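**Student:** Once you've had a glance at the structure underneath, I'll fire off some questions.
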Amino acid sequence: MEISLIILTLKVAAVATVINLPLALIVGWILVKTNTRYRFFLDVLISFPLALPPVTVGFLLLLVLGRTGPVGFLLYKFLSVDIVFTWFAAALASAVVSFPLISRAIVVAMGEVDERVEKTARSLGAGPWRVIFTITIPLAYKGILAGTLLGFVRSISEFGATIAVAGNIPGKTQTLSLAIYSNLQTGNEQIALYLAGISVVLAVSTLVIHNWLVGTAGRRIIGG
Amino acid sequence: MAEELLEFNITKKYSGFNLSCEALFYSGVTGIFGPSGSGKTTLLNCISGFDIPDKGFVSLSGVPMYSYKEGLNIPPEKRNFGYVAQDTPLFPHLSVLDNILFGYKLTDSGSRRIDPKNLIDLFNLASLTSRSSKNLSGGERQRVALARALATSPRLLLLDEPFSSIDVGMRGVTIRYLKSVWRELRTPMVLVSHSISEVLSLAEDVLILRDGKKVLHASATNAFAHPSAGRISQLQSFENIIDGKIVEDDRMEKIGLSQIQAGSARILVPKLPGVVVGKTITISIRARDIILALDNPTRISAQNIISGLVQEVNYVGCRIFVYIDIGIRLTAEITQNGLEELELKQGMKIFMIIKSSSILILDSGD
């Protein structure tokens, strides 16, 4: 039971991260490397989920993705797909909640890449796309990886948005946090404590890797 | 007749600044000289494609790179210009060799004229190739940046103040490397500098810019003699930047001097530790540090008395420059009184008195 619980939790968090990473790279690139006039709007938008209570995010997602919502209606009508109360809804909820952590870290990391290095690459014949993949991302990779891990660890611990849009269905949408909550509710404190221990181990190990990456990234910036 | 290379007519407005300049550069080395804020870097950016002009055109060997009329703007990566500025960074995540090969790999195999192996030899980089590009000295970094730019076999190498960020001791080395770029690779260059001495040490043609306008475009010698150049370089002391080969002279070792052969003259210069006979070094002699005499002076403390022939006397603004032929050309700056005293004429034999301690060595001796 615990193994499948952990696998589901990791699956939800991993899918959330896979959805977020390319989006965050695109948003980061737009914010850092272009002179968009929507900068202010975009800046507010990427931080928005950070300021909202997660349960509000989940509720809004439910309104959008539910069978009567604009997206859920279309998905059901044309593809006969229902997203709400599935593990994918949990992944989407986690993605929205953790997006600010990934994207803000990427904005910082990309902003630290020296523009002259990118300009030099272009003078050597590299087009904008090649510059992104051979210069910008390799030079910012530690920051990008750190932000990705932070987003991942936030997705593991996601609760409010998930319960609103995916419910708390054992074996289907019940992640680690939701299982802890259920066991507390039913008085199984021993199991709750055990699960809490697992979540502490997952969080600590991810954060250790994260801090190690940020630490070496920081030293690199100061050193050179 | 050199072939036509770069032609442009560029107008670019900034707040409080207006660049408006047209010119035709021929193959070879062209210098762009002007005080800071005259628009040199903006002009270079418009040529390389990193800045878009407001109006006009840029074309290379007759191929348009930018044209306002036709709405054409070739992006910088497709212009095939090499670009090295004073602070051009290396790619910190790549080794020296991978830096050099970065652009080479992106160059069509049909357009590869320059072999990176030759560049590694030419710029003396063989011992550095496997090193990380992070811990190099300023001079090494610049040589890697030059090799990297040239490995794309550029049709034109643009250099923005290439000497500003390196030690005085490395300037001579860089000047000699750049001379070999033209001599051996036949890659034309446009060199931007605020120092007329540096421009004249390399360029055949000079474009003088001031306040975003072309003041003059002429051969290096004529440009220097032109009053407008004089006005701009009024506060600069002119340096003779020349190469010389160290010649054998054991006696000189003891008195802390080295003897070099430059043109037909032998010049005593401060001893450079670690240099060996036969090595070429670059020295700088300020024009105003050269004293002229009609007779060979005796019993004098200065170490260099060099005879030569007066080539030309030039008035640059209110300053007087005398060109003297010693196999190569040296320029001496004298006063109006001095000129009247000597009654200099073309072809006259003259003695130059130069203290060895006033000569600056532009080599750090590696």
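Please note that chains go A, B, ... in the order of the structure tokens, that every chain numbers its residues from 1, and that ligands are numbered from 1 in the order shown.
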Quick one: everything within 9 Å of A:Leu178, counting only C-alpha atoms, minus sequence neighbours fewer than 3 positions away in the same chain. Send it as a VMD selection string.
**Tutor:** chain A and resid 158 to 159 162 to 163 167 to 170 173 to 175 181 to 183
**Student:** Dump as a compact mmCIF listing (two decimals) with N, CA and C atoms, in the first residue's frame the residues of chain A that approach chain B to within 9 Å, counting only C-alpha atoms.
**Tutor:**
# COMPACT_ATOMS: atom_id res chain seq x y z
N ASP A 114 25.58 35.99 -18.81
CA ASP A 114 26.14 37.20 -19.41
C ASP A 114 25.65 37.36 -20.86
N ARG A 116 26.77 39.16 -23.11
CA ARG A 116 27.86 39.25 -24.08
C ARG A 116 28.27 37.86 -24.56
N VAL A 117 28.10 36.85 -23.69
CA VAL A 117 28.43 35.48 -24.10
C VAL A 117 27.48 35.04 -25.20
N GLU A 118 26.19 35.38 -25.03
CA GLU A 118 25.20 35.00 -26.03
C GLU A 118 25.42 35.76 -27.34
N LYS A 119 25.79 37.04 -27.19
CA LYS A 119 26.06 37.87 -28.38
C LYS A 119 27.27 37.30 -29.14
N THR A 120 28.28 36.87 -28.38
CA THR A 120 29.46 36.29 -29.01
C THR A 120 29.08 35.04 -29.80
N ALA A 121 28.23 34.21 -29.21
CA ALA A 121 27.82 32.98 -29.89
C ALA A 121 27.11 33.32 -31.21
N ARG A 122 26.30 34.38 -31.19
CA ARG A 122 25.61 34.75 -32.43
C ARG A 122 26.61 35.23 -33.47
N SER A 123 27.63 35.98 -33.02
CA SER A 123 28.61 36.46 -33.99
C SER A 123 29.39 35.28 -34.59
N LEU A 124 29.37 34.14 -33.92
CA LEU A 124 30.07 32.96 -34.44
C LEU A 124 29.17 32.08 -35.29
N GLY A 125 27.97 32.55 -35.55
CA GLY A 125 27.10 31.83 -36.48
C GLY A 125 25.96 31.06 -35.84
N ALA A 126 25.79 31.18 -34.52
CA ALA A 126 24.72 30.44 -33.86
C ALA A 126 23.42 31.27 -33.90
N GLY A 127 22.35 30.68 -34.39
CA GLY A 127 21.06 31.35 -34.41
C GLY A 127 20.47 31.38 -33.01
N PRO A 128 19.35 32.13 -32.83
CA PRO A 128 18.78 32.29 -31.49
C PRO A 128 18.48 30.96 -30.78
N ILE A 135 24.22 27.67 -25.16
CA ILE A 135 24.84 28.66 -24.28
C ILE A 135 23.97 28.93 -23.05
N PRO A 138 22.88 25.61 -20.90
CA PRO A 138 24.04 25.02 -20.20
C PRO A 138 24.62 25.92 -19.11
N LEU A 139 24.64 27.23 -19.35
CA LEU A 139 25.21 28.12 -18.34
C LEU A 139 24.26 28.32 -17.16
N GLY A 224 33.51 34.01 -10.41
CA GLY A 224 33.96 34.40 -11.73
C GLY A 224 32.91 35.13 -12.50
**Student:** Can you measure atom CA of B:Ile100 to atom CA of B:Thr30 for me? One decimal in Å is fine.
**Tutor:**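 Atom-to-atom, atom CA of B:Ile100 to atom CA of B:Thr30, that is 24.9 Å.
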**Student:** Write out as JSON, numbers by chain the residues lying within 8 Å of A:Pro49, counting only C-alpha atoms and excluding same-chain residues fewer than 4 positions away.
**Tutor:** {"A": [45, 53, 54, 57, 96, 97, 98, 99, 100]}
**Student:** What lies within 10 Å of A:Tyr141 using only C-alpha atoms, ignoring chain neighbours under 2 positions off, as an mmCIF file with C-alpha atoms, in the first residue's frame?
**Tutor:**
data_model
loop_
_atom_site.group_PDB
_atom_site.id
_atom_site.type_symbol
_atom_site.label_atom_id
_atom_site.label_comp_id
_atom_site.auth_asym_id
_atom_site.auth_seq_id
_atom_site.Cartn_x
_atom_site.Cartn_y
_atom_site.Cartn_z
ATOM 1 C CA ILE A 106 14.644 30.028 -14.059
ATOM 2 C CA ALA A 109 19.264 31.743 -13.496
ATOM 3 C CA MET A 110 18.780 32.971 -17.062
ATOM 4 C CA ILE A 135 24.844 28.660 -24.284
ATOM 5 C CA THR A 136 21.947 29.938 -22.167
ATOM 6 C CA ILE A 137 20.609 26.641 -20.808
ATOM 7 C CA PRO A 138 24.040 25.016 -20.199
ATOM 8 C CA LEU A 139 25.209 28.116 -18.339
ATOM 9 C CA GLY A 143 19.639 27.278 -11.393
ATOM 10 C CA ILE A 144 17.184 25.575 -13.721
ATOM 11 C CA LEU A 145 17.740 22.219 -12.027
ATOM 12 C CA ALA A 146 17.446 23.765 -8.563
ATOM 13 C CA GLY A 147 14.142 25.435 -9.489
ATOM 14 C CA LEU A 213 23.150 22.903 -6.500
ATOM 15 C CA ALA A 217 25.894 27.924 -8.468
#
**Student:** Can you tell me how far atom CA of B:Ser201 sits from atom CA of B:Arg176, in Å to one decimal?
**Tutor:**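 Straight-line distance from atom CA of B:Ser201 to atom CA of B:Arg176 works out to 9.7 Å.
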**Student:** Extract, using only C-alpha atoms, all DNA, RNA and protein residues at most 8 Å from B:Ile328, discarding same-chain residues fewer than 3 positions from it, and format them as a short mmCIF file (atom, residue, chain, number, x, y, z; two decimals) with N, CA and C atoms, in the first residue's frame.
**Tutor:**
data_model
loop_
_atom_site.label_atom_id
_atom_site.label_comp_id
_atom_site.auth_asym_id
_atom_site.auth_seq_id
_atom_site.Cartn_x
_atom_site.Cartn_y
_atom_site.Cartn_z
N ALA B 262 65.83 47.35 -35.65
CA ALA B 262 64.56 47.82 -36.21
C ALA B 262 64.90 48.62 -37.44
N GLY B 263 64.44 48.16 -38.59
CA GLY B 263 64.85 48.80 -39.84
C GLY B 263 66.35 48.63 -39.97
N SER B 264 67.04 49.73 -40.29
CA SER B 264 68.49 49.62 -40.40
C SER B 264 69.18 50.04 -39.11
N ASP B 325 63.31 58.45 -41.92
CA ASP B 325 63.45 57.12 -42.51
C ASP B 325 64.69 56.44 -41.96
#
**Student:** Quick one: everything within 12 Å of A:Gly58, counting only C-alpha atoms, minus sequence neighbours fewer than 2 positions away in the same chain. Send it as number ranges by chain.
**Tutor:** A: 49, 52-56, 60-66, 84-85, 89-97, 158-167
**Student:** List every residue of chain A that DSSP, applied to the backbone, labels as helix (DSSP H, G or I), and write the result as a PyMOL selection string.
**Tutor:** chain A and resi 2-33+39-51+54-65+70-79+87-111+115-123+128-156+160-166+176-185+189-223
